[in-house]
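Student: Pasting a structure below so you can have a look.
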Amino acid sequence: MRVTTKGRYALRASLALAILEEEMGPVSINTLSKQENISPVFLEQIFFKLRKAGIVSSTRGPGGGFSFAQSLDKITVKQLIDAAGEKVEHVFCDKRIEECERVGECMSHHVWFDVSALVKDYFEGITLASILKKHGKCRRLSGAKT
């Protein structure tokens with residue numbers, strides 16, 4: 001399985017947004033860029049896609065920035081990766097399945113297909129809220145008052 005930088009940064013920046021948004025409201029791309037040491041141009045591209053997918057919303061002007069459009073317990077890692085334009089699938093072999101001449105007789109194909117399904121299910125089962133709660137990084141999720 002391969003998740004590119006775009007997918008990894010989408011998750012990383014979303015977790016940072018969750019923490020910062022709790023403290024300061026909408027968060028600018030520049031703030032996220034500095035916090036996570038990610039190019040602001042690259043983050044803009046990612047957050048444009050996240051906004052298009054309905055995961056985040058943006059507010060213009062002074063005090064504006066990005067915030068989540070959904071509850072953190074509804075946003076899965078798979079949704080973030082998909083929204084960023086990535087795919088959660090395992091690379092089976094040196095050929096795409098449509099090009100494989102051995103697909104009907106290759107027993108290993110089924111193993112890789114099962115692995116891909118397990119990874120997809122795993123990412124579908126992890127929410128931003130569960131990650132933050134597990135690591136004690138979000139007061140509103142750990143029982144403390146905000």
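Chain labels run A, B, ... following the order of the structure tokens; each chain numbers its residues from 1, and ligands are numbered from 1 in the order shown.
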Residues near Ala10 of chain A, anyone? I mean within 9 Å using only C-alpha atoms, not counting same-chain ones fewer than 2 positions away, as a ChimeraX atom specification.

Tutor: /A:5-8,12-15,43,46-47,50,80-81,83-84

Student: Write a file of the just-selected residues containing C-alpha atoms, as a CSV table (one decimal), in the first residue's frame.

Tutor:
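Ended up saving to part_31.csv:
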```csv
chain,number,residue,atom,x,y,z
A,5,THR,CA,2.7,12.9,0.8
A,6,LYS,CA,-0.6,14.5,-0.1
A,7,GLY,CA,-2.5,11.9,1.9
A,8,ARG,CA,-0.1,11.9,4.9
A,12,ARG,CA,-1.3,15.6,9.7
A,13,ALA,CA,-2.8,19.0,9.0
A,14,SER,CA,-6.3,17.9,9.9
A,15,LEU,CA,-5.1,16.8,13.3
A,43,LEU,CA,-1.7,22.9,2.1
A,46,ILE,CA,-5.1,19.9,0.1
A,47,PHE,CA,-7.6,22.1,1.9
A,50,LEU,CA,-11.1,18.9,1.8
A,80,LEU,CA,-9.4,12.5,4.5
A,81,ILE,CA,-7.2,10.3,2.2
A,83,ALA,CA,-10.7,13.7,-0.3
A,84,ALA,CA,-7.1,14.5,-0.8
```

Student: Identify all residues of chain A in strand (DSSP E or B) (DSSP on the backbone) and supply them as number ranges by chain.

Tutor: A: 27, 56-59, 65-68, 76, 127

Student: Go through A:Pro40, A:Ala18, A:Asn30, A:Gln45 one by one, measure the shortest atom-to-atom distance of each to Ser67 of chain A using only C-alpha atoms, and give the residue with the smallest value.

Tutor: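 Distance minimum relative to Ser67 of chain A lands on A:Ala18.
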
Student: Work out how far atom CA of Phe66 of chain A is from atom CA of Phe123 of chain A, in Å to one decimal.

Tutor: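 It comes out at 23.4 Å.
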
Student: Would you mind telling me which residue in A:Leu32, A:Phe68, A:Pro62, A:Lys74 lies nearest to Ala129 of chain A when using only C-alpha atoms?

Tutor: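 Counting only C-alpha atoms, the residue closest to Ala129 of chain A is A:Lys74.
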
Student: List as a PDB file with C-alpha atoms, in the first residue's frame the protein and nucleic acid residues near Gly54 of chain A, meaning an atom at most 9 Å away when only C-alpha atoms are counted, but skip any in the same chain fewer than 5 places from it.

Tutor:
```pdb
ATOM      1  CA  LYS A  49     -10.050  19.425  -1.809  1.00  0.00           C
ATOM      2  CA  PHE A  68     -14.327  21.552  10.420  1.00  0.00           C
ATOM      3  CA  ALA A  69     -17.706  21.341   8.725  1.00  0.00           C
ATOM      4  CA  GLN A  70     -18.425  18.012  10.426  1.00  0.00           C
TER       5      GLN A  70
END
```

Student: To one decimal place in Å, what is the distance between atom CA of Ile126 of chain A and atom CA of Gly64 of chain A?

Tutor: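 That distance, rounded to one decimal, is 28.5 Å.
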
Student: Atom CA of Glu101 of chain A and atom CA of Phe113 of chain A are how many Å apart?

Tutor: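 If I compute the distance from atom CA of Glu101 of chain A to atom CA of Phe113 of chain A, I get 16.5 Å.
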
Student: My list of candidates is A:Ser28, A:Ser116, A:Thr76, A:Asn37. Which is closest to Leu128 of chain A when distances are computed with only C-alpha atoms?

Tutor: A:Thr76

Student: With only C-alpha atoms as the atoms that count, which of A:Met107, A:Lys133, A:Gly25, A:Glu124 lies nearest to Val77 of chain A?

Tutor: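 Selected residue with least distance to Val77 of chain A: A:Glu124.
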